[in-house]
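The structure appears right after this line, and notes come after that.
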Amino acid sequence: MPQPSTEFGEELRRRRLDAGLSLTGLSAAVHYSKAQLSKVERGIKAPSRDLARLCDAALRADGALIALVAPSASGEPDEPAPGGIDEEEWTMQLSPDGSGRFQPLGRRQVVSAGAASLMSWRSGGQGPVSTATGAGMLEASRSLFTHYRRLGQTVEPGFLLPGLIAQTHTLRELSAHADSRTRPKLLALGSRYAEYIGWLVQETGDEQAALWWTQRAVDLAAAGGDQALAGYALVRRALVTLYQDDAEQTVALARRAQTGTLPSRTRGLAAQREAQGHALAGDRDACQRGRCHGSHPGLRPGPAARRPGCRRYAHRR
């Protein structure tokens with residue numbers, strides 16, 4: 001577990017003030033609660049390496065904040081900064097026995113490990129993609145997404161994940177070379193792919209990977225200018241933190257998804273998550289004040305509801 005770091009907290013606060021950002025402003029930039037950031041700055045709460053990367057990018061610290069946090073010993077993948085969707089390499093290993101492995105790596109890690117020389121290829125030249133090509137890829141990817149969701153109701157997640165991850169990568173990379181009208185559509189669709197992957201990996205029981213993919217959905221949606229999808233992804237992230245017994249983060253994320261600019265359905269789901277977070281914390285009054293929808297919304301979900309998998313997802317979207 002990461003240990004509290006007074007040095008990191010002091011440096012974070014100094015750089016935040018130098019940038020003219022309030023805690024609220026930094027919270028909005030990194031998708032972490034204001035209360036949690038305050039505890040990190042005061043050295044009460046340990047910063048994760050993921051939080052360090054997000055803050056480092058938001059404050060343009062050029063790695064200074066990351067250097068103050070020890071690498072995770074759990075093998076947990078680092079999160080890229082919001083908007084930094086082209087700053088990492090995705091590696092995927094598929095074995096004849098049906099097992100597979102996915103790992104996001106920083107470009108420097110890939111080069112130092114020599115992985116870039118192992119059967120690598122490039123998607124082509126660096127020139128722009130024509131409008132017709134971008135539109136064609138968009139239409140085909142939408143059709144594929146529909147088929148993947150249907151398959152997800154009957155096929156185990158492990159069979160679908162390699163193709164979904166590859167398609168998300170394709171949309172992400174293609175968006176960098178598409179015209180200004182097609183690019184946000186490609187990113188928005190990539191966000192839906194990433195969100196769906198998050199549901200599937202959560203179905204396998206890997207909640208950390210579910211959080212990682214949900215954050216990717218937030219980043220892709222925000223890069224595409226679609227705040228509605230980003231808001232829904234925050235609701236998903238709040239659900240995962242609820243299952244991790246993190247009441248504070250569940251409430252904070254749910255509140256962020258209740259802005260008036262988001263669809264009413266998303267705000268309703270966020271209100272339900274907030275009430276569940278208060279229930280987890282034992283705050284009955286706050287739970288009852290929550291704008292929950294459905295029967296007994298403030299109660300902890302039972303075992304059958306703790307893994308909302310692909311079959312349920314197919315009916316939610």
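As shown in the structure tokens, the chain order sets the letters A, B, ...; within each chain, residues go from 1, and ligands are also counted from 1 in the order they appear.
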
Within 12 Å of range 43-63 of chain A: each range 172-259 of chain A residue with its shortest pair, only C-alpha atoms, as JSON lines:
{"residue": "A:Gln208", "atom": "CA", "partner": "A:Asp50", "partner_atom": "CA", "distance": 11.7}
{"residue": "A:Leu211", "atom": "CA", "partner": "A:Asp50", "partner_atom": "CA", "distance": 11.3}
{"residue": "A:Trp212", "atom": "CA", "partner": "A:Asp50", "partner_atom": "CA", "distance": 9.8}
{"residue": "A:Gln215", "atom": "CA", "partner": "A:Asp50", "partner_atom": "CA", "distance": 10.8}
{"residue": "A:Asp219", "atom": "CA", "partner": "A:Leu54", "partner_atom": "CA", "distance": 11.4}

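Among the candidates A:Ser22, A:Thr266, A:Gln249, A:Gln244, the residue lying nearest to Ala230 in chain A is A:Thr266 (atoms considered: only C-alpha atoms).
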
Would you kindly return, as number ranges by chain, each protein, DNA or RNA residue with an atom no farther than 9 Å from any atom of Glu195 in chain A, considering only C-alpha atoms and excluding same-chain residues fewer than 5 positions away? A: 190, 200, 210, 213-218, 233, 236

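One distance worth recording is that between CA of Leu144 in chain A and CA of Arg172 in chain A, which is 15.7 Å.
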
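As for CA of Thr146 in chain A and CA of Arg192 in chain A, they are spaced 11.0 Å apart.
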
Find the spatial neighbours of Gly260 in chain A, counting only C-alpha atoms, within a cut-off of 12 Å - ignore same-chain residues fewer than 4 positions away - and output them as a PyMOL selection string. chain A and resi 227-228+231+255-256+264-268+270

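For range 92-285 of chain A, a DSSP pass over the backbone yields strand (DSSP E) at A:Met92, A:Gln93, A:Leu94, A:Gly100, A:Arg101, A:Phe102, A:Gln103, A:Pro104, A:Leu105, A:Gly106.
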
For the residues selected in the previous step, produce a file with C-alpha atoms as a compact mmCIF listing (two decimals), in the first residue's frame.
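This went into result-v5.txt:
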# COMPACT_ATOMS: atom_id res chain seq x y z
CA MET A 92 -1.92 -7.74 -25.70
CA GLN A 93 -0.74 -11.34 -25.46
CA LEU A 94 -2.91 -14.22 -26.67
CA GLY A 100 -4.79 -13.60 -22.67
CA ARG A 101 -3.14 -10.59 -21.10
CA PHE A 102 -3.53 -6.86 -21.65
CA GLN A 103 -1.06 -4.25 -20.39
CA PRO A 104 -0.89 -0.49 -21.02
CA LEU A 105 2.69 0.81 -21.07
CA GLY A 106 4.28 4.22 -21.36

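The smallest atom-to-atom distance between His169 in chain A and any of A:Ala132, A:Val69, A:Leu220, A:Thr182, using only C-alpha atoms, is found for A:Leu220.
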
Top pick for closest residue to Thr91 in chain A, considering A:Ala178, A:Ala166, A:Gly152, A:Ser191 and counting only C-alpha atoms: A:Ala166

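When CA of Leu151 in chain A is paired with CA of Glu139 in chain A, their separation reads 18.8 Å.
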
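With only C-alpha atoms taken into account, the protein and nucleic acid residues at most 9 Å from Arg273 in chain A (excluding it and anything under 2 positions from it in its own chain) are Val235, Ala238, Leu239, Leu242, Thr250, Val251, Leu253, Ala254, Arg255, Gly268, Leu269, Ala270, Ala271, Ala275, Gln276, Gly277, His278, Cys292, Pro297 and Gly298 of chain A.
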
Long-range neighbours of Leu186 in chain A as a short mmCIF file (atom, residue, chain, number, x, y, z; two decimals) with C-alpha atoms, in the first residue's frame, 12 Å cut-off, only C-alpha atoms, 4 positions minimum in chain:
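Contents of part_9.cif, freshly written:
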data_model
loop_
_atom_site.label_atom_id
_atom_site.label_comp_id
_atom_site.auth_asym_id
_atom_site.auth_seq_id
_atom_site.Cartn_x
_atom_site.Cartn_y
_atom_site.Cartn_z
CA THR A 131 -13.64 12.08 -44.71
CA THR A 133 -12.60 6.69 -44.88
CA GLY A 134 -13.36 8.08 -41.44
CA ALA A 135 -17.10 7.86 -42.02
CA GLY A 136 -16.78 4.30 -43.31
CA MET A 137 -14.80 3.20 -40.27
CA LEU A 138 -17.32 4.90 -38.00
CA GLU A 139 -20.26 3.08 -39.59
CA ALA A 140 -18.51 -0.29 -39.52
CA SER A 141 -17.43 0.16 -35.89
CA ARG A 142 -20.96 1.04 -34.82
CA GLN A 167 -11.30 -1.98 -31.95
CA THR A 168 -10.99 0.65 -29.20
CA HIS A 169 -7.33 1.12 -30.11
CA THR A 170 -8.23 1.50 -33.78
CA LEU A 171 -10.79 4.20 -33.05
CA ARG A 172 -8.41 6.02 -30.74
CA GLU A 173 -5.57 6.05 -33.25
CA LEU A 174 -7.76 6.83 -36.24
CA SER A 175 -9.27 9.85 -34.48
CA ALA A 176 -5.85 11.52 -34.44
CA HIS A 177 -5.83 11.56 -38.27
CA ALA A 178 -9.51 12.21 -38.98
CA ASP A 179 -11.12 15.52 -39.92
CA SER A 180 -12.59 17.81 -37.25
CA ARG A 181 -16.17 16.61 -37.83
CA THR A 182 -15.41 12.89 -37.72
CA GLY A 190 -14.33 4.63 -28.63
CA SER A 191 -15.63 5.76 -25.25
CA ARG A 192 -18.60 3.41 -25.52
CA TYR A 193 -16.28 0.54 -26.43
CA LEU A 220 -12.13 9.45 -24.68
CA ALA A 221 -15.56 11.01 -24.16
CA ALA A 223 -11.60 14.39 -25.73
CA GLY A 224 -14.56 14.03 -28.08
CA GLY A 225 -16.52 16.77 -26.33
CA ASP A 226 -19.28 14.40 -25.18
#
